[in-house]
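Please read the structure below before turning to the comments.
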Amino acid sequence: MSARNLSTASLSIARVPGVAIVLGALCATFGVMSPGFLTPANIANILTQSTILLLLALPMTLIIMTEGLDLSIGAVLTLASIALAVTVVATGSAPLGFLAALMVGFCFGLGNGVLIAVFDIPPFITTLGTLGIAQGLSLLVTDGQSVVGIPRSIEAIYSETVAGIPVPVVIGALAYAVTHGLLYHTRFGTYVFALGGNREALKVAGISVRGMLIRVYVFGGLMAGFAALLMTARLNSAHPTAGIGMEFDAIAAVAVGGTSFERGNGWLFGTLLGVIAVGVLRNGLNLLAVPSSAQVACIGAIVIIALFIDGQRGER
Amino acid sequence: MARVAVMPLFVLRGISKDFPGVKALDDVSFEIRAGEVHMLVGENGAGKSTLMKILCGAYRADRGSFFNNGEAVTIDDPTAARKFGIAVIFQEFTLVPYLDLAQNIFLGREPAARLPGLIDRRRIYTEAKRVLDMIGFDIDPRIPVHGLGVAQQQMVEIAKALSQDARILVMDEPTAALSDRETELLFAMIARLKKSGVAIVYISHRLSEVFALGDRITVLRDGRKIASLLPVETTPDQLVTLMVGRPVDTTYTRPGRPTAGEIALEVKNLSGSGFSDINLTVRTGEIVGLSGLVGSGRTEVARAIFGADRVTAGEIRLFGQRVEGSAVDSVRRGMALIPENRKTQGLAVNRSVGDNIILVGLRKLFPSGLFMPRRAMKAARAIIDKLRIATPTPRRAVATLSGGNQQKVVIGKWLNADARFFIFDEPTRGIDVGAKAEIFRLLDGLVHNGAAILMISSEQIETVHICDRAYVMRGGRIAGELSHRELTEANIVRLGTHQ
């Protein structure tokens, strides 16, 4: 359905999107430089580690398609993770904890959506504000300390496998499938294209622009809640700084994937490739013992390179 | 089909609408009959669009009533309007660029699949194909609309309306961006729709259309209905008088033409995307037309001359000196491009008149780089007086000005930058009948003061009246040059379409 639908694209190299070229180049480089890179175990590792980012980047694609932005998604992830851990530690019930994480995500998503859609506050400002609120609450609740004592049942979500496939990868695949279905096969998805492409078209069709916009941000909040489950399981604790900067990775993955910030021109599969590219980059640089601060700079660089490749071909 | 003349299909009675500070509509009544084309005419700001927005439920009337087949009804949202079969094709299209034709046609009315929320994909494509066939538009409904041309997008809009079983189709200046051939196709389609009993409300600025298509004409002025009459009861001149409220000369004739001087622009063998092997000259004191159908490459040539787009071959000389093909260089040498779309390309609409006027001439005005408000204000006032721009103060936002005055601001901006060669792309598009003459007087004034003008216009009558000579383009090439003596509508059409 995308403008760059793979089936309609010819096979000539000129039509390969920038993100695929970047991903291929990264894999080739790390494959040569580090012998441990192209092993099945490491590939499974990359995919597993990419799932948290994927869960954030999927809704971020939809949000950016509406010409919006969600800077709060990393901080909401953190707060949801803390809500989960605190609830589990207090009640001993993993489902209750998960529900708490989803509630935090839902409330922040709803808050973002209402402020943006009803009160017309620009998304950048709104979510910058809620980023501060979520981050501050995280520090306040935990007093800056980690929340520990997570039961084994939650930890298992990150480490177990189903039919040999790591559970996070299964969750990631499910999340992708659901988002794909939402965007390309439902009325809601069609209206996401219209929110960024031509809001007037929605209005004259009698669709509530505000309602749809709120739903998009609520979707983002809920996905941050799901991601919080994975992150808490992965760290086996909740930490008030764990999600800092995740919004950067998510926005970068969407941008690398070729989704435009204008006119509702989005490409969900590109986001998937973008997430994997970011995961490959982090993993490869880890194998080469590059410090994490330098990794952020590299992510920034690949965003620019991918967009440069697309721009050179007049893709946008 | 026999016309149902007894009972109108839909009636609006005593409609009033206030916006803060403006009475947009005051006690306007309007009748819509099946199988009729009802022309709605009036100057910009007369209330035509507001009335149509009320009809389609986008605005709510403050007062007034609606009757569907004689039965009193209410329209307070688009859904209600759609229920009565009312569909509008706006000038600003309501298409979503990255959805395909079928998705656009069914936007907001997607047929549901078995699961709630899911769309029946197969059905929207077969249905879309059926509607597109009905209007004779042969295209794959899976193509995203962002790649379509204006005429094609309009076809999609019409397909969208028909797919909703529209009985009343409102068209807001549908031919504004169409070529002659496309216009003919549209008129043929309107004739077909009429026959099948569809009522059409047609907003137009073009008098020729009003008389060619209209079965009934309603004139609005300043939010009030001035007249509702049959085409046989009036003449174009009377109609314009009704629209403007005073007699207006529709055929502007230039008082006197200066003699052509030195060569201002010389283009040799210019080729680029959408055109090839272009040769033309423009002398000072001349207004030269660049004519041809929409899509014949006129705008592309103009942009290339200005340096906005790359060229692959050829050269451009301005006052004897070669320009390097960048807009920066062109502006520095005194070239100005006044684009077709003022709002998006020519003006910073939210800024003040003064800010817009001094924008291009900043370097000349403030050589030190330091902004001096008083000097800026003085320069802006000088231009405002010179062009008689109707604004109480340079601080007024450009968006609040009429189309004609906005166009003057664009021209003033370049005058302030000492431009001597002007390219006008459709200078009168979207400008009231009354204000057109003033724009032409302005062009005339420019060439009398030693400037040279290249003017693109889709309205051949304008080219004939205003230009000293004209080049006619066809398929990206210059098909011929017409001297002042040869410059007639017939010759332009002949050169522009001859195979």
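Chains: A, B, ... in order of the structure tokens. Residues: from 1 per chain. Ligands: from 1, in order shown.
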
Enumerate the residues of region 67-264 of chain B with a DSSP assignment of alpha helix (DSSP H), computed from the backbone, and present them as a ChimeraX atom specification. /B:78-83,101-105,121-134,150-163,180-195,207-213,236-244

Return as a ChimeraX atom specification the residues belonging to chain A that are within 6 Å of chain B, counting only C-alpha atoms. /A:185-187,194,197-198,201,204-206,265

Identify which of the residues B:Ala382, B:Ala435, B:Ala61, B:Met377 lies closest to Ser402 (chain B), counting only C-alpha atoms when measuring atom-to-atom distances. B:Ala435

With only C-alpha atoms as the basis for distance, which of B:Thr428, B:Thr253, B:Ser228, B:Thr393 is at the shortest distance from Gln407 (chain B)?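 Result for the nearest residue to Gln407 (chain B): B:Thr428.
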
Tell me which protein, DNA and RNA residues are within 9 Å of region 206-216 of chain B, counting only C-alpha atoms, leaving out same-chain ones fewer than 5 positions away, and put them as a count of residues only. 21

For Ala177 (chain B), find every residue with an atom within 7 Å (counting only C-alpha atoms), except residues of its own chain fewer than 2 positions away, and show them as a tab-separated table (two decimals) with C-alpha atoms, in the first residue's frame.
```tsv
chain	number	residue	atom	x	y	z
B	150	VAL	CA	-4.64	18.62	-11.05
B	175	THR	CA	-11.90	24.80	-14.48
B	179	SER	CA	-6.47	23.07	-19.83
```

Neighbouring residues of region 13-30 of chain A were defined as those with any atom within 8 Å, considering only C-alpha atoms; residues of the same chain fewer than 4 positions away were excluded. Please report them as a list in words. Ala9, Ser34, Phe37, Val256, Gly257, Gly258, Gly270, Leu273, Gly274, Ile276, Ala277, Val280, Leu281, Gly284, Ile302, Ile305, Ala306, Leu307, Phe308, Ile309, Asp310 and Arg313 of chain A

With C-alpha atoms retained, write the just-selected residues as a PDB file, in the first residue's frame.
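In the end it all went to again-v1.pdb:
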```
ATOM      1  CA  ALA A   9       9.199  -1.215  -7.260  1.00  0.00           C
ATOM      2  CA  SER A  34      34.054  -8.941  13.853  1.00  0.00           C
ATOM      3  CA  PHE A  37      28.745 -10.872  14.367  1.00  0.00           C
ATOM      4  CA  VAL A 256      15.992   6.111   8.821  1.00  0.00           C
ATOM      5  CA  GLY A 257      13.101   3.960   7.643  1.00  0.00           C
ATOM      6  CA  GLY A 258      12.010   6.626   5.204  1.00  0.00           C
ATOM      7  CA  GLY A 270      10.955   0.850   6.616  1.00  0.00           C
ATOM      8  CA  LEU A 273      14.364  -2.095   8.890  1.00  0.00           C
ATOM      9  CA  GLY A 274      15.320   1.127  10.660  1.00  0.00           C
ATOM     10  CA  ILE A 276      17.046  -3.458  12.988  1.00  0.00           C
ATOM     11  CA  ALA A 277      19.659  -1.069  11.561  1.00  0.00           C
ATOM     12  CA  VAL A 280      22.782  -3.925  14.334  1.00  0.00           C
ATOM     13  CA  LEU A 281      24.747  -0.730  14.816  1.00  0.00           C
ATOM     14  CA  GLY A 284      28.265  -4.313  16.165  1.00  0.00           C
ATOM     15  CA  ILE A 302      23.104   6.860   9.889  1.00  0.00           C
ATOM     16  CA  ILE A 305      23.151   9.015   5.576  1.00  0.00           C
ATOM     17  CA  ALA A 306      19.874   7.163   4.932  1.00  0.00           C
ATOM     18  CA  LEU A 307      17.969  10.382   4.311  1.00  0.00           C
ATOM     19  CA  PHE A 308      20.802  11.639   2.122  1.00  0.00           C
ATOM     20  CA  ILE A 309      20.588   8.503  -0.047  1.00  0.00           C
ATOM     21  CA  ASP A 310      16.805   8.904  -0.365  1.00  0.00           C
ATOM     22  CA  ARG A 313      17.126  10.035  -5.669  1.00  0.00           C
TER      23      ARG A 313
END
```

Atomic separation - CA of Ile158 (chain B) relative to CA of Met134 (chain B), Å: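 Calculated distance between CA of Met134 (chain B) and CA of Ile158 (chain B) is 10.7 Å.
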
What's the separation between CA of Gly221 (chain A) and CA of Val141 (chain A), in Å to one decimal place?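 One can read the CA of Gly221 (chain A) to CA of Val141 (chain A) distance as 19.6 Å.
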
Identify, on the basis of only C-alpha atoms, every residue whose closest approach to Ala252 (chain A) does not exceed 8 Å; exclude the query and any residue fewer than 6 positions from it along the same chain; express the result as a list in words. Gly274, Ile299, Gly300 and Val303 of chain A

Write a file of the just-selected residues containing N, CA and C atoms, as a tab-separated table (two decimals), in the first residue's frame.
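Saved as selection.tsv:
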```
chain	number	residue	atom	x	y	z
A	274	GLY	N	14.62	0.08	9.92
A	274	GLY	CA	15.32	1.13	10.66
A	274	GLY	C	15.65	0.67	12.07
A	299	ILE	N	24.39	6.58	15.51
A	299	ILE	CA	22.97	6.51	15.12
A	299	ILE	C	22.58	7.80	14.42
A	300	GLY	N	23.02	8.92	15.01
A	300	GLY	CA	22.73	10.21	14.38
A	300	GLY	C	23.26	10.25	12.96
A	303	VAL	N	21.14	8.21	10.43
A	303	VAL	CA	19.89	8.90	10.05
A	303	VAL	C	20.18	9.81	8.86
```

I want to know what sits within 8 Å of Asn236 (chain A), based on only C-alpha atoms, with residues of the same chain fewer than 2 positions away left out; could you give that as a PyMOL selection string? chain A and resi 148-150+154-155+232-234+238

Based on the selection just made, write C-alpha atoms of those residues as a CSV table (one decimal), in the first residue's frame.
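Once written, out18.csv looks like this:
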```csv
chain,number,residue,atom,x,y,z
A,148,VAL,CA,14.3,-4.8,42.7
A,149,GLY,CA,12.6,-8.0,43.7
A,150,ILE,CA,10.9,-8.8,40.4
A,154,ILE,CA,8.3,-11.7,34.7
A,155,GLU,CA,12.0,-12.2,34.1
A,232,THR,CA,11.6,-4.6,33.3
A,233,ALA,CA,12.0,-8.3,32.4
A,234,ARG,CA,15.2,-7.6,30.7
A,238,ALA,CA,13.1,-1.0,37.2
```

Please extract the residues of region 89-173 of chain B with a backbone DSSP assignment of strand (DSSP E) and present them as an NGL selection string. :B and (89 or 168-172)

Looking at only C-alpha atoms, which of A:Ile82, A:Leu110, A:Ile133, A:Met223 is the one that sits closest to Leu235 (chain A)?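 Nearest candidate to Leu235 (chain A) out of A:Ile82, A:Leu110, A:Ile133, A:Met223: A:Ile82.
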
So what do you get for CA of Ala44 (chain A) versus CA of Pro59 (chain A), distance-wise? 23.4 Å
